[in-house]
Amino acid sequence: MQASFWQQKWQNSELGFHLPEPHPKLVRHIGRLGLKPGDRVFLPLCGKSLDIAWLLQQGFKVVGAEWVQQAVEQLFAELGVEPTITQIGQLSRYSAHQLDILVGDIFAVDADTLGLVDAVYDRAALVALPADKRILYSRHLAAISGFSPQLLISFEYDQSLLSGPPFSVSPEEVKAHYQDMFTLELLESKAIKGGLKGKCPADEQAWLLSAKS
Ligand SMILES: C[S@@+](CC[C@H](N)C(=O)[O-])C[C@H]1O[C@@H](n2cnc3c(N)ncnc32)[C@H](O)[C@@H]1O
């Protein structure tokens with residue numbers, strides 16, 4: 001997927017992925033990440049997710065990465081805060097209070113620029129990437145986040161019925177990406193009511209990834 005694909009989605013407000021509430025699986029399973037107040041949570045490919053505001057309200061710091069500047073501008077406008085913007089190489093950093101958003105390609109984010117994180121929350125990030133990029137992404141994400149524990153939400157459906165994104169990522173594929181680095185626990189797997197995009201039956205899965213010691 002090129003940057004232009006996502007820029008067009010944001011320009012045309014084709015934001016079917018954007019939920020009107022914090023993700024119920026985040027709310028249900030956040031406790032499993034073992035976080036303390038003030039800990040910093042990384043949301044790769046964050047869009048303007050309401051999960052960000054919810055995590056801030058719970059007393060966490062948040063850092064996100066998002067390619068599309070328009071998305072990030074909408075995020076700060078909807079939060080009602082004015083960001084301080086700084087340039088770091090190819091990336092811009094939008095910061096306010098307990099929030100940093102790195103604007104640019106996730107693959108341009110390194111561990112120094114990201115800073116220390118205590119957990120990763122991946123919702124609609126792994127599944128937004130095509131298969132060849134998912135292999136690179138899973139290793140890159142683990143490396144830049146210092147193998148922090150991760151709450152991952154993925155979809156599984158018959159890929160022949162619908163072209164992604166979101167792409168179908170089976171439990172076998174999740175394991176192939178992560179099981180050499182993390183211990184994986186499937187927290188829940190539930191059918192999406194009405195199917196994916198109202199078109200095809202799909203399951204949404206929540207995974208807990210804990211670094212192997
Ligand atoms: C499916 S949306 C999910 C957004 C958010 N996680 C949510 O739950 O609402 C994927 C987002 O990732 C962004 N994105 C796609 N590829 C990216 C990349 N390589 N680096 C950074 N952001 C990217 C898109 O612009 C889009 O906003």
# chains A, B, ... in the order shown; residues from 1 in each chain; ligands from 1
$ closest_atom_pairs --of "segment 122-145 of chain A" --to "segment 47-52 of chain A" --cutoff "12 Å" --atoms "only C-alpha atoms" --output "Markdown table"
| residue | atom | partner | partner_atom | distance |
| --- | --- | --- | --- | --- |
| A:Asp122 | CA | A:Asp51 | CA | 10.8 |
| A:Arg123 | CA | A:Ser49 | CA | 9.3 |
| A:Ala124 | CA | A:Gly47 | CA | 9.5 |
| A:Ala125 | CA | A:Gly47 | CA | 9.5 |
| A:Ala128 | CA | A:Gly47 | CA | 11.4 |
$ residues_near_ligand --ligand "ligand 1" --cutoff "8 Å" --atoms "only C-alpha atoms and all ligand atoms" --output "PyMOL selection string"
chain A and resi 1-3+6-7+9-10+15+17-19+43-51+65-68+71+103-107+122-125+127-129+165-166
$ select_by_dssp --residues "segment 56-195 of chain A" --states "strand (DSSP E or B)" --output "short mmCIF file (atom, residue, chain, number, x, y, z; two decimals) with N, CA and C atoms, in the first residue's frame"
data_model
loop_
_atom_site.label_atom_id
_atom_site.label_comp_id
_atom_site.auth_asym_id
_atom_site.auth_seq_id
_atom_site.Cartn_x
_atom_site.Cartn_y
_atom_site.Cartn_z
N LYS A 61 0.81 7.65 29.16
CA LYS A 61 1.35 8.46 28.07
C LYS A 61 1.13 7.66 26.79
N VAL A 62 1.00 8.37 25.69
CA VAL A 62 0.74 7.69 24.41
C VAL A 62 1.71 8.20 23.37
N VAL A 63 2.22 7.27 22.55
CA VAL A 63 3.00 7.65 21.37
C VAL A 63 2.41 6.87 20.19
N GLY A 64 2.19 7.59 19.09
CA GLY A 64 1.62 6.94 17.91
C GLY A 64 2.50 7.19 16.71
N ALA A 65 2.26 6.40 15.66
CA ALA A 65 2.92 6.66 14.38
C ALA A 65 1.84 6.62 13.31
N GLU A 66 1.84 7.60 12.44
CA GLU A 66 0.79 7.71 11.41
C GLU A 66 1.37 8.44 10.20
N THR A 84 2.87 20.94 19.53
CA THR A 84 4.17 21.52 19.17
C THR A 84 4.75 20.60 18.10
N ILE A 85 5.19 21.18 17.00
CA ILE A 85 5.64 20.34 15.88
C ILE A 85 7.15 20.50 15.70
N THR A 86 7.85 19.36 15.67
CA THR A 86 9.31 19.40 15.42
C THR A 86 9.64 18.41 14.31
N GLN A 87 10.70 18.71 13.58
CA GLN A 87 11.12 17.85 12.48
C GLN A 87 12.26 16.96 12.98
N ILE A 88 12.15 15.64 12.76
CA ILE A 88 13.25 14.71 13.11
C ILE A 88 13.53 13.89 11.87
N LEU A 91 10.73 12.47 9.62
CA LEU A 91 9.48 12.44 10.40
C LEU A 91 9.18 13.81 11.01
N SER A 92 7.90 14.08 11.27
CA SER A 92 7.54 15.22 12.11
C SER A 92 7.00 14.64 13.42
N ARG A 93 7.27 15.35 14.51
CA ARG A 93 6.70 14.91 15.78
C ARG A 93 5.72 15.96 16.27
N TYR A 94 4.47 15.54 16.47
CA TYR A 94 3.43 16.39 17.02
C TYR A 94 3.29 16.02 18.50
N SER A 95 3.52 16.99 19.37
CA SER A 95 3.51 16.68 20.81
C SER A 95 2.60 17.63 21.57
N ALA A 96 1.97 17.11 22.58
CA ALA A 96 1.19 17.92 23.52
C ALA A 96 0.98 17.09 24.78
N LEU A 99 1.25 13.22 25.05
CA LEU A 99 1.04 12.59 23.74
C LEU A 99 2.10 13.01 22.72
N ASP A 100 2.68 12.02 22.02
CA ASP A 100 3.57 12.28 20.88
C ASP A 100 3.05 11.48 19.70
N ILE A 101 2.92 12.13 18.55
CA ILE A 101 2.61 11.38 17.33
C ILE A 101 3.72 11.63 16.32
N LEU A 102 4.29 10.54 15.83
CA LEU A 102 5.33 10.63 14.79
C LEU A 102 4.63 10.51 13.44
N VAL A 103 4.81 11.54 12.62
CA VAL A 103 4.11 11.57 11.33
C VAL A 103 5.10 11.12 10.26
N ALA A 119 4.46 -0.67 26.43
CA ALA A 119 3.57 -1.63 25.79
C ALA A 119 3.22 -1.13 24.39
N VAL A 120 2.78 -2.08 23.57
CA VAL A 120 2.33 -1.77 22.20
C VAL A 120 0.87 -2.19 22.10
N TYR A 121 0.08 -1.35 21.45
CA TYR A 121 -1.32 -1.71 21.17
C TYR A 121 -1.50 -1.60 19.66
N ASP A 122 -1.65 -2.75 19.02
CA ASP A 122 -1.81 -2.81 17.56
C ASP A 122 -3.24 -3.15 17.24
N ARG A 123 -3.98 -2.13 16.81
CA ARG A 123 -5.35 -2.36 16.32
C ARG A 123 -5.41 -1.82 14.89
N GLN A 150 2.57 -6.73 24.07
CA GLN A 150 1.73 -6.19 23.00
C GLN A 150 0.32 -6.77 23.07
N LEU A 151 -0.66 -5.87 22.92
CA LEU A 151 -2.04 -6.30 22.70
C LEU A 151 -2.31 -6.11 21.21
N LEU A 152 -2.59 -7.21 20.54
CA LEU A 152 -2.75 -7.20 19.08
C LEU A 152 -4.18 -7.62 18.74
N ILE A 153 -4.83 -6.83 17.90
CA ILE A 153 -6.17 -7.19 17.45
C ILE A 153 -6.11 -7.47 15.95
N SER A 154 -6.53 -8.66 15.57
CA SER A 154 -6.42 -9.05 14.16
C SER A 154 -7.76 -9.59 13.65
N PHE A 155 -7.85 -9.67 12.33
CA PHE A 155 -9.04 -10.21 11.68
C PHE A 155 -8.71 -11.48 10.94
N GLU A 156 -9.68 -12.38 10.89
CA GLU A 156 -9.52 -13.57 10.06
C GLU A 156 -10.79 -13.78 9.25
N TYR A 157 -10.66 -13.87 7.94
CA TYR A 157 -11.80 -14.13 7.07
C TYR A 157 -11.30 -14.74 5.77
N PHE A 182 8.01 -13.86 21.14
CA PHE A 182 7.02 -13.66 22.20
C PHE A 182 6.32 -14.98 22.54
N THR A 183 5.80 -15.03 23.76
CA THR A 183 4.83 -16.06 24.11
C THR A 183 3.47 -15.49 23.75
N LEU A 184 2.67 -16.25 23.01
CA LEU A 184 1.38 -15.73 22.53
C LEU A 184 0.22 -16.35 23.29
N GLU A 185 -0.73 -15.52 23.66
CA GLU A 185 -1.96 -16.02 24.27
C GLU A 185 -3.14 -15.43 23.50
N LEU A 186 -4.00 -16.30 23.00
CA LEU A 186 -5.22 -15.83 22.33
C LEU A 186 -6.23 -15.47 23.42
N LEU A 187 -6.51 -14.18 23.57
CA LEU A 187 -7.39 -13.72 24.66
C LEU A 187 -8.86 -13.92 24.31
N GLU A 188 -9.20 -13.66 23.06
CA GLU A 188 -10.57 -13.94 22.62
C GLU A 188 -10.64 -13.94 21.10
N SER A 189 -11.63 -14.64 20.61
CA SER A 189 -11.88 -14.69 19.17
C SER A 189 -13.39 -14.68 19.00
N LYS A 190 -13.89 -13.65 18.33
CA LYS A 190 -15.36 -13.52 18.22
C LYS A 190 -15.74 -13.13 16.80
N ALA A 191 -16.87 -13.65 16.35
CA ALA A 191 -17.38 -13.25 15.03
C ALA A 191 -17.78 -11.78 15.08
#
$ select_by_dssp --residues "chain A" --states "alpha helix (DSSP H)" --output "count of residues only"
60
$ closest_residue --among "A:Leu196, A:Trp54, A:Leu208, A:His97" --to "Pro22 of chain A" --atoms "only C-alpha atoms"
A:Trp54
$ closest_residue --among "A:Leu209, A:Glu21, A:Gln70, A:Val109" --to "Gly89 of chain A" --atoms "only C-alpha atoms"
A:Val109
$ closest_residue --among "A:Glu204, A:Asp39, A:Asp110, A:Glu173" --to "Leu141 of chain A" --atoms "only C-alpha atoms"
A:Asp110
$ closest_residue --among "A:Val169, A:Ile30, A:Ala77, A:Val41" --to "Leu56 of chain A" --atoms "only C-alpha atoms"
A:Val41
$ closest_residue --among "A:Leu162, A:Gln90, A:Asp118, A:Lys175" --to "Gly34 of chain A" --atoms "only C-alpha atoms"
A:Asp118
$ closest_residue --among "A:Ala111, A:Gly198, A:Tyr178, A:His29" --to "Ile144 of chain A" --atoms "only C-alpha atoms"
A:Ala111
$ atom_distance --atom1 "atom CA of Val81 of chain A" --atom2 "atom CA of Ser13 of chain A"
21.6 Å
